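Note sheet for the following structure.
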Amino acid sequence: MGKKKETILKRYGIRSRFFILFAVLVIIPFLAIAALASTVFRNNVVDNYGSNMADTMVAVSKQVKTLMKKYEEATMNLYYGGAVNVLPEKPEDDLIVGSLESICFSNSDVLSAYLVCNNQVYSSGLSNSVDIRELVAQHEEEIVRSGGKPRWFRADALYGQSGNQRYLLMRSLNSEKASNVGTLCLVLSEKLFSRPLSGLSTKGVERYVLDSEGKIFYSMGREDIGREFSAENFVLGEKTTYGSCRFEGEEVIFASCTLDSPRLYFVSICPVADILEPVARLRVAAVFICLIYLAFIFSILFLLNHYIFHPISVLSQKMDVFAQGDLNTKVELHSMGEIQSLSQHFNQMTEKINLLVMSNEKNLKEKNELEMKALTAQIKPHFIYNALNTIKWMAVLNKQDNIQKMVEALVGILMNAARIEDEDYSLKEEITLIENYARIQKARFMNFDMDITLELEPGQYKIRKFLLQPVVENAITHGFARGKYRGQIRMHIWEDGRLRIKVEDNGVGFDVESWRSGDERQESHTNIGLRNIEQMIHLEYGDEYGLEIISELGKGTTVEYLLPLIER
């Protein structure tokens, strides 16, 4: 996988790779962090607002619970005054009505108080057009089943002229001798709920009180009373809770608090849009900051492209042009700093390389000319004169077939000396040169024999031209004193991982130590030729190769070559 990514990145230049990495490592993380921060901020606001709404509903439920407890305790007045015990055998109208009036007068939210006993109704407070006995009959079964505990109901039929809601507090009365001797009914105003909730005048927040069945028990809107409270993802629970849901097609935050005995649920909802409205300016400011930051980032990218990537691209293109052979290419960049310095160095480099190429071409041309002159001058004029003179007298006096061989040998030497290209010069060609040279010299001096022993195929290996001929020439002209002594030259060629050539003669010899130290300066000895051969070997093949010279006066000379084995 890593190699695949590396291959993909290699397809793009430094500019594209930088922009891709900048987008991946800077821009995308920045946008992701901004989106995450916005989400976290939004969730934090919603969470805090929901928590505050839940705490508020808990406080409201406690206030309502306190009021309900107060009104439930007020129903005990019939017991305190003994009115219950006279029911139903001996009802005393004044006692019963007085207890009901006491309840109404001591509690301002109690609009009316009724006692239904033996189908007879005792009342106090405001009168209602609805027969209270019908209301009691609607809930009689539940009231009797409660065994005297207070029960709360909606009074849908008992709306006042202003349309205010009414609520009923009912309980069955039990005397000392019998149970369910009568039913007490208190009609209360909506202030039971509106008073605690009215102090929470928060914009956009709606609050409901639900009964145990999930129906709206109290609402600021009369039309909502009694209908199901339906909201997506909203479930009535036993504990105080808050969260988000959808209500009437709008995303809202809800907070719910449960009240036991009676089982009521206090619910508060608020649209999320209303909650986030106060922070809209902050969001605009955050967006503005993000835009400024992005503009700053793109400005940096523009400057990087203008001052770095574009000049590098131009410099790279010029390098390609230079690599293709245009040595006169130049870079003209109006940049600064290191990039400008790079362009100047590139121009200086191309100029120097151009000069070096021109100088190298000039030197190569001069070298070829000098090499041609050197090769042409390798054969001394007096040698050519003597060889031709010998051939002439042999043809005149002896009239032998050797003339043809002499001419062929001379032609071979002249052709070898005239060759300019010697990169593929073979050992076989050098041996042929020596044989031709020896044939001519033998015809001239007739005082030596030459024997060549080969343990390899000489045509397969290369050697530098004229590397062996000077040693053979020394043996003939100096070792045998130009024909004064009869001699023998033996050449042995073999290989042991390196090319080994040994040239031996039985001539006059010389003092090697004196020659090495430079003390011997005899004109009759070509010590300069041997020094040149050693120098040529060192320059051509390295210091680990060279000559080993063994000689002693009167006992001949042995020259052994140590050369690299180079195949053609």
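The chains in the structure tokens are called A, B, ... from first to last as shown; in each chain the residues are counted from 1, and the ligands are counted from 1 in the order shown.
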Give the alpha helix (DSSP H) residues of range 94-245 of chain A, as assigned by DSSP on the backbone, as a PyMOL selection string.
chain A and resi 94-106+132-145+191-198
Write out, as JSON lines, each residue of range 170-218 of chain A that has an atom at most 9 Å from range 52-74 of chain A, together with the closest pair of atoms and their distance in Å to one decimal, counting only C-alpha atoms, rows going by chain and rising number.
```
{"residue": "A:Leu186", "atom": "CA", "partner": "A:Tyr71", "partner_atom": "CA", "distance": 8.7}
{"residue": "A:Leu192", "atom": "CA", "partner": "A:Val64", "partner_atom": "CA", "distance": 6.7}
{"residue": "A:Phe193", "atom": "CA", "partner": "A:Val64", "partner_atom": "CA", "distance": 6.4}
{"residue": "A:Arg195", "atom": "CA", "partner": "A:Val64", "partner_atom": "CA", "distance": 8.9}
{"residue": "A:Pro196", "atom": "CA", "partner": "A:Val60", "partner_atom": "CA", "distance": 5.9}
{"residue": "A:Leu197", "atom": "CA", "partner": "A:Val60", "partner_atom": "CA", "distance": 6.7}
{"residue": "A:Leu200", "atom": "CA", "partner": "A:Thr56", "partner_atom": "CA", "distance": 8.4}
{"residue": "A:Arg207", "atom": "CA", "partner": "A:Met57", "partner_atom": "CA", "distance": 8.9}
```
Secondary structure check, strand (DSSP E or B) residues of range 102-257 of chain A, as number ranges by chain
A: 110-117, 120-125, 151-154, 166-173, 182-189, 206-210, 215-219, 228, 232, 241-247, 250-257
Which of these residues is nearest to Val209 in chain A, using only C-alpha atoms: A:Arg439, A:Arg227, A:Lys428, A:Arg151?
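Nearest to Val209 in chain A: A:Arg227.
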Long-range neighbours of range 256-260 of chain A as a PyMOL selection string, 6 Å cut-off, only C-alpha atoms, 5 positions minimum in chain:
chain A and resi 58+240-241+265-267
Quick one: residues within 8 Å of Tyr167 in chain A, only C-alpha atoms counted, chain neighbours fewer than 6 positions away excluded, as a list of chain:residue names?
A:Trp152, A:Phe153, A:Arg154, A:Ala155, A:Val187, A:Leu188, A:Ser189, A:Glu190
Based on the selection just made, write N, CA, C and O atoms of those residues as a PDB file, in the first residue's frame.
```pdb
ATOM      1  N   TRP A 152     -58.078  14.331  41.353  1.00  0.00           N
ATOM      2  CA  TRP A 152     -58.107  15.555  40.554  1.00  0.00           C
ATOM      3  C   TRP A 152     -58.605  15.219  39.143  1.00  0.00           C
ATOM      4  O   TRP A 152     -58.215  14.227  38.537  1.00  0.00           O
ATOM      5  N   PHE A 153     -59.483  16.142  38.639  1.00  0.00           N
ATOM      6  CA  PHE A 153     -60.055  15.948  37.311  1.00  0.00           C
ATOM      7  C   PHE A 153     -60.139  17.290  36.595  1.00  0.00           C
ATOM      8  O   PHE A 153     -60.153  18.346  37.225  1.00  0.00           O
ATOM      9  N   ARG A 154     -60.163  17.176  35.249  1.00  0.00           N
ATOM     10  CA  ARG A 154     -60.442  18.369  34.445  1.00  0.00           C
ATOM     11  C   ARG A 154     -61.950  18.641  34.481  1.00  0.00           C
ATOM     12  O   ARG A 154     -62.769  17.715  34.446  1.00  0.00           O
ATOM     13  N   ALA A 155     -62.291  19.919  34.472  1.00  0.00           N
ATOM     14  CA  ALA A 155     -63.707  20.306  34.421  1.00  0.00           C
ATOM     15  C   ALA A 155     -63.973  20.950  33.076  1.00  0.00           C
ATOM     16  O   ALA A 155     -64.092  22.173  32.945  1.00  0.00           O
ATOM     17  N   VAL A 187     -64.282  23.168  43.112  1.00  0.00           N
ATOM     18  CA  VAL A 187     -63.996  23.692  41.780  1.00  0.00           C
ATOM     19  C   VAL A 187     -62.908  24.757  41.919  1.00  0.00           C
ATOM     20  O   VAL A 187     -63.119  25.764  42.609  1.00  0.00           O
ATOM     21  N   LEU A 188     -61.767  24.525  41.285  1.00  0.00           N
ATOM     22  CA  LEU A 188     -60.627  25.436  41.414  1.00  0.00           C
ATOM     23  C   LEU A 188     -60.363  26.120  40.072  1.00  0.00           C
ATOM     24  O   LEU A 188     -60.600  25.563  39.002  1.00  0.00           O
ATOM     25  N   SER A 189     -59.803  27.313  40.149  1.00  0.00           N
ATOM     26  CA  SER A 189     -59.455  28.053  38.937  1.00  0.00           C
ATOM     27  C   SER A 189     -58.115  27.547  38.382  1.00  0.00           C
ATOM     28  O   SER A 189     -57.382  26.804  39.044  1.00  0.00           O
ATOM     29  N   GLU A 190     -57.780  27.998  37.191  1.00  0.00           N
ATOM     30  CA  GLU A 190     -56.528  27.582  36.545  1.00  0.00           C
ATOM     31  C   GLU A 190     -55.295  28.168  37.206  1.00  0.00           C
ATOM     32  O   GLU A 190     -54.160  27.793  36.881  1.00  0.00           O
TER      33      GLU A 190
END
```
